[in-house]
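Here is the structure we will look at, set down as structure tokens.
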Amino acid sequence: MWSGPRNLSTAMMRSFGSRDDCSVMDEPFFAPYLKISGKPHPGREETLERHECDPQKVSEMCMAKGGPRYSFQKHMPHHMLDGFPMEWAHEAKHFFLIRDPARVIASYVKGRDSFDIEDLGFAPQRRLWETLGRPPVIDSLDILLWPRTMLSQLCHAIGVPFDNAMLSWEKGSRPEDGAWAPYWYGSVENSTGFTAPPDTRPVVPPKYQDMLKACEADYAIMEARKLTLKLA
């Protein structure tokens with residue numbers, strides 16, 4: 001799964017991790033990204049200390065065999081810096097999780113008061129989506145509105161049988177959660193499943209309006225190709 005930040009991605013990790021036949025990996029390229037880019041980020045030091053920082057070794061981890069039938073890997077396109085290995089992705093099945101930029105920005109500013117447009121990941125996500133041949137796209141809002149139907153359609157699109165276990169999980173943290181979890185995962189740790197989204201689209205502060213417009217252009221390209229609700 002390729003997702004930007006503040007985009008239901010950790011809930012999706014919980015969803016797939018609830019399956020008996022699936023292991024999960026939480027943003028394995030985040031530590032190499034932080035080390036090489038030098039980017040400041042909440043939890044930076046903990047992440048560099050606790051996680052593998054060599055992108056080649058991370059690639060090997062992503063390709064490792066054994067364990068459950070499926071390996072669900074939560075990745076963010078903007079973590080894949082130039083020169084990072086992509087061999088691990090050649091035989092993987094990909095899907096892209098998108099979210100309305102206004103909702104992303106409104107959520108992101110709660111955790112960081114200073115960031116740039118690349119941190120939101122919309123342009124890198126759209127570029128990688130095209131590079132990988134435009135795999136299935138699903139919108140986080142649609143999952144929240146119709147979790148069973150949309151997750152079932154997603155599973156069909158990537159050739160994985162749907163499992164009812166994906167609809168709920170127990171509260172709390174997980175051993176596989178990244179070192180950055182204390183800064184970002186509070187709401188997910190208190191959840192037990194997908195909940196209905198707020199009725200209204202959040203208002204983005206004026207200082208982020210230019211960033212919002214730029215993100216909307218990339219989002220619109222992928223949003224036009226997303227999985228749509230199909231009732232049985």
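Chains: A, B, ... in order of the structure tokens. Residues: from 1 per chain. Ligands: from 1, in order shown.
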
Which residues are near A:Tyr183? Cut-off 12 Å, only C-alpha atoms, ignore same chain within fewer than 3 positions. Put them as a PDB file with N, CA and C atoms, in the first residue's frame.
```pdb
ATOM      1  N   ARG A   6      -1.348  10.938   7.282  1.00  0.00           N
ATOM      2  CA  ARG A   6      -2.668  11.349   7.777  1.00  0.00           C
ATOM      3  C   ARG A   6      -3.765  10.908   6.811  1.00  0.00           C
ATOM      4  N   HIS A  41      11.773  15.626  11.964  1.00  0.00           N
ATOM      5  CA  HIS A  41      10.472  14.970  12.007  1.00  0.00           C
ATOM      6  C   HIS A  41      10.202  14.530  13.433  1.00  0.00           C
ATOM      7  N   PRO A  42       8.938  14.587  13.897  1.00  0.00           N
ATOM      8  CA  PRO A  42       8.636  14.064  15.233  1.00  0.00           C
ATOM      9  C   PRO A  42       9.062  12.603  15.348  1.00  0.00           C
ATOM     10  N   GLY A  43       9.829  12.279  16.372  1.00  0.00           N
ATOM     11  CA  GLY A  43      10.294  10.916  16.566  1.00  0.00           C
ATOM     12  C   GLY A  43      11.526  10.559  15.761  1.00  0.00           C
ATOM     13  N   ARG A  44      12.207  11.545  15.206  1.00  0.00           N
ATOM     14  CA  ARG A  44      13.358  11.273  14.345  1.00  0.00           C
ATOM     15  C   ARG A  44      14.433  10.441  15.053  1.00  0.00           C
ATOM     16  N   GLU A  46      14.336   8.584  17.795  1.00  0.00           N
ATOM     17  CA  GLU A  46      13.875   7.242  18.148  1.00  0.00           C
ATOM     18  C   GLU A  46      13.831   6.345  16.916  1.00  0.00           C
ATOM     19  N   THR A  47      13.402   6.908  15.788  1.00  0.00           N
ATOM     20  CA  THR A  47      13.295   6.134  14.557  1.00  0.00           C
ATOM     21  C   THR A  47      14.669   5.684  14.077  1.00  0.00           C
ATOM     22  N   TYR A 108      -2.670  17.015   9.423  1.00  0.00           N
ATOM     23  CA  TYR A 108      -1.209  17.067   9.525  1.00  0.00           C
ATOM     24  C   TYR A 108      -0.742  18.217  10.410  1.00  0.00           C
ATOM     25  N   LYS A 110      -1.865  19.301  12.994  1.00  0.00           N
ATOM     26  CA  LYS A 110      -1.997  19.009  14.421  1.00  0.00           C
ATOM     27  C   LYS A 110      -0.725  18.371  14.980  1.00  0.00           C
ATOM     28  N   GLY A 111       0.065  17.753  14.101  1.00  0.00           N
ATOM     29  CA  GLY A 111       1.281  17.087  14.546  1.00  0.00           C
ATOM     30  C   GLY A 111       2.556  17.837  14.215  1.00  0.00           C
ATOM     31  N   ARG A 112       2.504  18.737  13.213  1.00  0.00           N
ATOM     32  CA  ARG A 112       3.691  19.503  12.814  1.00  0.00           C
ATOM     33  C   ARG A 112       3.262  20.903  12.419  1.00  0.00           C
ATOM     34  N   ASP A 177       4.333  -1.489  15.220  1.00  0.00           N
ATOM     35  CA  ASP A 177       4.210  -0.042  15.058  1.00  0.00           C
ATOM     36  C   ASP A 177       5.591   0.609  15.079  1.00  0.00           C
ATOM     37  N   GLY A 178       5.789   1.596  14.212  1.00  0.00           N
ATOM     38  CA  GLY A 178       7.055   2.297  14.160  1.00  0.00           C
ATOM     39  C   GLY A 178       7.328   3.113  15.411  1.00  0.00           C
ATOM     40  N   ALA A 179       8.583   3.514  15.574  1.00  0.00           N
ATOM     41  CA  ALA A 179       8.981   4.299  16.740  1.00  0.00           C
ATOM     42  C   ALA A 179       8.296   5.655  16.785  1.00  0.00           C
ATOM     43  N   TRP A 180       7.736   6.082  15.670  1.00  0.00           N
ATOM     44  CA  TRP A 180       7.045   7.368  15.576  1.00  0.00           C
ATOM     45  C   TRP A 180       5.594   7.279  16.057  1.00  0.00           C
ATOM     46  N   GLY A 186      -2.253   7.999  18.101  1.00  0.00           N
ATOM     47  CA  GLY A 186      -3.171   8.048  19.239  1.00  0.00           C
ATOM     48  C   GLY A 186      -4.590   7.655  18.913  1.00  0.00           C
ATOM     49  N   SER A 187      -5.140   8.212  17.846  1.00  0.00           N
ATOM     50  CA  SER A 187      -6.543   7.928  17.513  1.00  0.00           C
ATOM     51  C   SER A 187      -6.723   6.480  17.075  1.00  0.00           C
ATOM     52  N   VAL A 188      -5.755   5.940  16.340  1.00  0.00           N
ATOM     53  CA  VAL A 188      -5.860   4.547  15.902  1.00  0.00           C
ATOM     54  C   VAL A 188      -5.766   3.606  17.094  1.00  0.00           C
ATOM     55  N   GLU A 189      -4.903   3.910  18.047  1.00  0.00           N
ATOM     56  CA  GLU A 189      -4.748   3.055  19.216  1.00  0.00           C
ATOM     57  C   GLU A 189      -6.018   3.020  20.056  1.00  0.00           C
TER      58      GLU A 189
END
```

* To do: Within stretch 58-94 of chain A, find each residue whose DSSP state, derived from the backbone, is strand (DSSP E or B), and express the selection as a PyMOL selection string.
  => chain A and resi 70-75

Go ahead and save the residues from that selection, with N, CA and C atoms, as a short mmCIF file (atom, residue, chain, number, x, y, z; two decimals), in the first residue's frame.
```cif
data_model
loop_
_atom_site.label_atom_id
_atom_site.label_comp_id
_atom_site.auth_asym_id
_atom_site.auth_seq_id
_atom_site.Cartn_x
_atom_site.Cartn_y
_atom_site.Cartn_z
N TYR A 70 0.55 -13.78 3.39
CA TYR A 70 0.64 -12.42 2.84
C TYR A 70 1.50 -11.52 3.73
N SER A 71 2.19 -10.59 3.09
CA SER A 71 2.92 -9.54 3.79
C SER A 71 2.35 -8.20 3.35
N PHE A 72 1.69 -7.52 4.28
CA PHE A 72 1.15 -6.20 3.99
C PHE A 72 2.19 -5.16 4.38
N GLN A 73 2.59 -4.35 3.44
CA GLN A 73 3.63 -3.35 3.69
C GLN A 73 3.07 -1.95 3.46
N LYS A 74 3.14 -1.15 4.48
CA LYS A 74 2.68 0.23 4.43
C LYS A 74 3.85 1.12 4.04
N HIS A 75 3.79 1.70 2.85
CA HIS A 75 4.87 2.55 2.34
C HIS A 75 4.35 3.95 2.02
#
```

At a cut-off of 12 Å, can you tabulate as JSON lines every residue of stretch 82-159 of chain A near stretch 198-201 of chain A together with its closest atom pair and the distance in Å to one decimal, using only C-alpha atoms and ordering rows by chain then number?
```
{"residue": "A:Arg99", "atom": "CA", "partner": "A:Arg201", "partner_atom": "CA", "distance": 11.6}
{"residue": "A:Asp100", "atom": "CA", "partner": "A:Arg201", "partner_atom": "CA", "distance": 8.9}
{"residue": "A:Pro101", "atom": "CA", "partner": "A:Arg201", "partner_atom": "CA", "distance": 10.1}
{"residue": "A:Ala102", "atom": "CA", "partner": "A:Arg201", "partner_atom": "CA", "distance": 7.2}
{"residue": "A:Arg103", "atom": "CA", "partner": "A:Arg201", "partner_atom": "CA", "distance": 6.8}
{"residue": "A:Val104", "atom": "CA", "partner": "A:Arg201", "partner_atom": "CA", "distance": 10.6}
{"residue": "A:Ile105", "atom": "CA", "partner": "A:Arg201", "partner_atom": "CA", "distance": 11.3}
{"residue": "A:Ala106", "atom": "CA", "partner": "A:Arg201", "partner_atom": "CA", "distance": 9.5}
{"residue": "A:Ser107", "atom": "CA", "partner": "A:Arg201", "partner_atom": "CA", "distance": 11.6}
{"residue": "A:Leu141", "atom": "CA", "partner": "A:Pro198", "partner_atom": "CA", "distance": 9.8}
{"residue": "A:Leu144", "atom": "CA", "partner": "A:Pro198", "partner_atom": "CA", "distance": 10.1}
{"residue": "A:Leu145", "atom": "CA", "partner": "A:Pro198", "partner_atom": "CA", "distance": 10.4}
```

Could you produce a table of the residues of stretch 138-191 of chain A lying within 7 Å of stretch 17-37 of chain A, with the nearest pair of atoms per residue and their separation in Å rounded to one decimal, using only C-alpha atoms, ordered by chain and increasing residue number, as CSV?
```
residue,atom,partner,partner_atom,distance
A:Asp163,CA,A:Arg19,CA,6.9
A:Ala165,CA,A:Ser18,CA,5.7
A:Met166,CA,A:Ser18,CA,5.7
A:Trp169,CA,A:Ser18,CA,6.2
A:Glu176,CA,A:Asp26,CA,6.5
A:Asp177,CA,A:Asp26,CA,6.1
A:Gly178,CA,A:Asp26,CA,6.0
```

* **Residue contacts of stretch 148-150 of chain A (7 Å, only C-alpha atoms) excluding same-chain residues fewer than 4 positions away, as a ChimeraX atom specification** => /A:142-143,154,167,229

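Residue nearest A:Lys207, chosen from A:Pro77, A:Ser15, A:Phe95, A:Asp116 and counting only C-alpha atoms: A:Asp116.
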
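A straight line drawn from atom CA of A:Thr192 to atom CA of A:Ser173 is 11.6 Å long.
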
* Asked: Looking only at the backbone, which of the residues in stretch 66-196 of chain A does DSSP tag as alpha helix (DSSP H), as an NGL selection string?
  -> :A and (101-108 or 117-120 or 122-131 or 140-145 or 147-158 or 181-184 or 186-189)

Based on the selection just made, write C-alpha atoms of those residues as a PDB file, in the first residue's frame.
```pdb
ATOM      1  CA  PRO A 101      -5.891  17.137   0.553  1.00  0.00           C
ATOM      2  CA  ALA A 102      -7.988  19.431   2.739  1.00  0.00           C
ATOM      3  CA  ARG A 103      -8.545  16.593   5.205  1.00  0.00           C
ATOM      4  CA  VAL A 104      -4.872  15.612   5.066  1.00  0.00           C
ATOM      5  CA  ILE A 105      -3.578  19.131   5.724  1.00  0.00           C
ATOM      6  CA  ALA A 106      -6.083  19.795   8.503  1.00  0.00           C
ATOM      7  CA  SER A 107      -4.915  16.610  10.237  1.00  0.00           C
ATOM      8  CA  TYR A 108      -1.209  17.067   9.525  1.00  0.00           C
ATOM      9  CA  ILE A 117       4.498  20.176   0.213  1.00  0.00           C
ATOM     10  CA  GLU A 118       6.749  17.150  -0.315  1.00  0.00           C
ATOM     11  CA  ASP A 119       6.000  16.049   3.258  1.00  0.00           C
ATOM     12  CA  LEU A 120       2.365  15.576   2.240  1.00  0.00           C
ATOM     13  CA  PHE A 122       0.739  13.952  -3.195  1.00  0.00           C
ATOM     14  CA  ALA A 123       3.104  14.619  -6.110  1.00  0.00           C
ATOM     15  CA  PRO A 124       5.422  11.684  -5.258  1.00  0.00           C
ATOM     16  CA  GLN A 125       2.376   9.453  -4.923  1.00  0.00           C
ATOM     17  CA  ARG A 126       1.004  10.418  -8.313  1.00  0.00           C
ATOM     18  CA  ARG A 127       4.423  10.012  -9.971  1.00  0.00           C
ATOM     19  CA  LEU A 128       4.993   6.567  -8.463  1.00  0.00           C
ATOM     20  CA  TRP A 129       1.456   5.496  -9.341  1.00  0.00           C
ATOM     21  CA  GLU A 130       2.191   6.244 -12.986  1.00  0.00           C
ATOM     22  CA  THR A 131       5.625   4.578 -12.815  1.00  0.00           C
ATOM     23  CA  SER A 140      -9.982   6.624   2.399  1.00  0.00           C
ATOM     24  CA  LEU A 141     -13.325   8.454   2.602  1.00  0.00           C
ATOM     25  CA  ASP A 142     -15.012   5.642   0.679  1.00  0.00           C
ATOM     26  CA  ILE A 143     -13.548   3.069   3.075  1.00  0.00           C
ATOM     27  CA  LEU A 144     -14.930   4.973   6.052  1.00  0.00           C
ATOM     28  CA  LEU A 145     -18.367   5.262   4.443  1.00  0.00           C
ATOM     29  CA  PRO A 147     -15.872  -0.382   4.824  1.00  0.00           C
ATOM     30  CA  ARG A 148     -17.087  -3.886   4.017  1.00  0.00           C
ATOM     31  CA  THR A 149     -17.961  -3.156   0.398  1.00  0.00           C
ATOM     32  CA  MET A 150     -14.869  -1.106  -0.425  1.00  0.00           C
ATOM     33  CA  LEU A 151     -12.424  -3.439   1.308  1.00  0.00           C
ATOM     34  CA  SER A 152     -14.020  -6.359  -0.498  1.00  0.00           C
ATOM     35  CA  GLN A 153     -13.588  -4.556  -3.825  1.00  0.00           C
ATOM     36  CA  LEU A 154     -10.003  -3.683  -2.975  1.00  0.00           C
ATOM     37  CA  CYS A 155      -9.177  -7.286  -2.107  1.00  0.00           C
ATOM     38  CA  HIS A 156     -10.695  -8.426  -5.386  1.00  0.00           C
ATOM     39  CA  ALA A 157      -8.659  -5.837  -7.293  1.00  0.00           C
ATOM     40  CA  ILE A 158      -5.365  -7.080  -5.835  1.00  0.00           C
ATOM     41  CA  ALA A 181       3.735   5.882  16.794  1.00  0.00           C
ATOM     42  CA  PRO A 182       3.527   8.001  19.988  1.00  0.00           C
ATOM     43  CA  TYR A 183       3.477  11.140  17.854  1.00  0.00           C
ATOM     44  CA  TRP A 184       0.831  10.048  15.330  1.00  0.00           C
ATOM     45  CA  GLY A 186      -3.171   8.048  19.239  1.00  0.00           C
ATOM     46  CA  SER A 187      -6.543   7.928  17.513  1.00  0.00           C
ATOM     47  CA  VAL A 188      -5.860   4.547  15.902  1.00  0.00           C
ATOM     48  CA  GLU A 189      -4.748   3.055  19.216  1.00  0.00           C
TER      49      GLU A 189
END
```

* Any idea what's packed within 9 Å of A:Met61, counting only C-alpha atoms, ignoring anything in its chain fewer than 4 positions away? Could you give it as a ChimeraX atom specification? -> /A:28,56-57,65,88
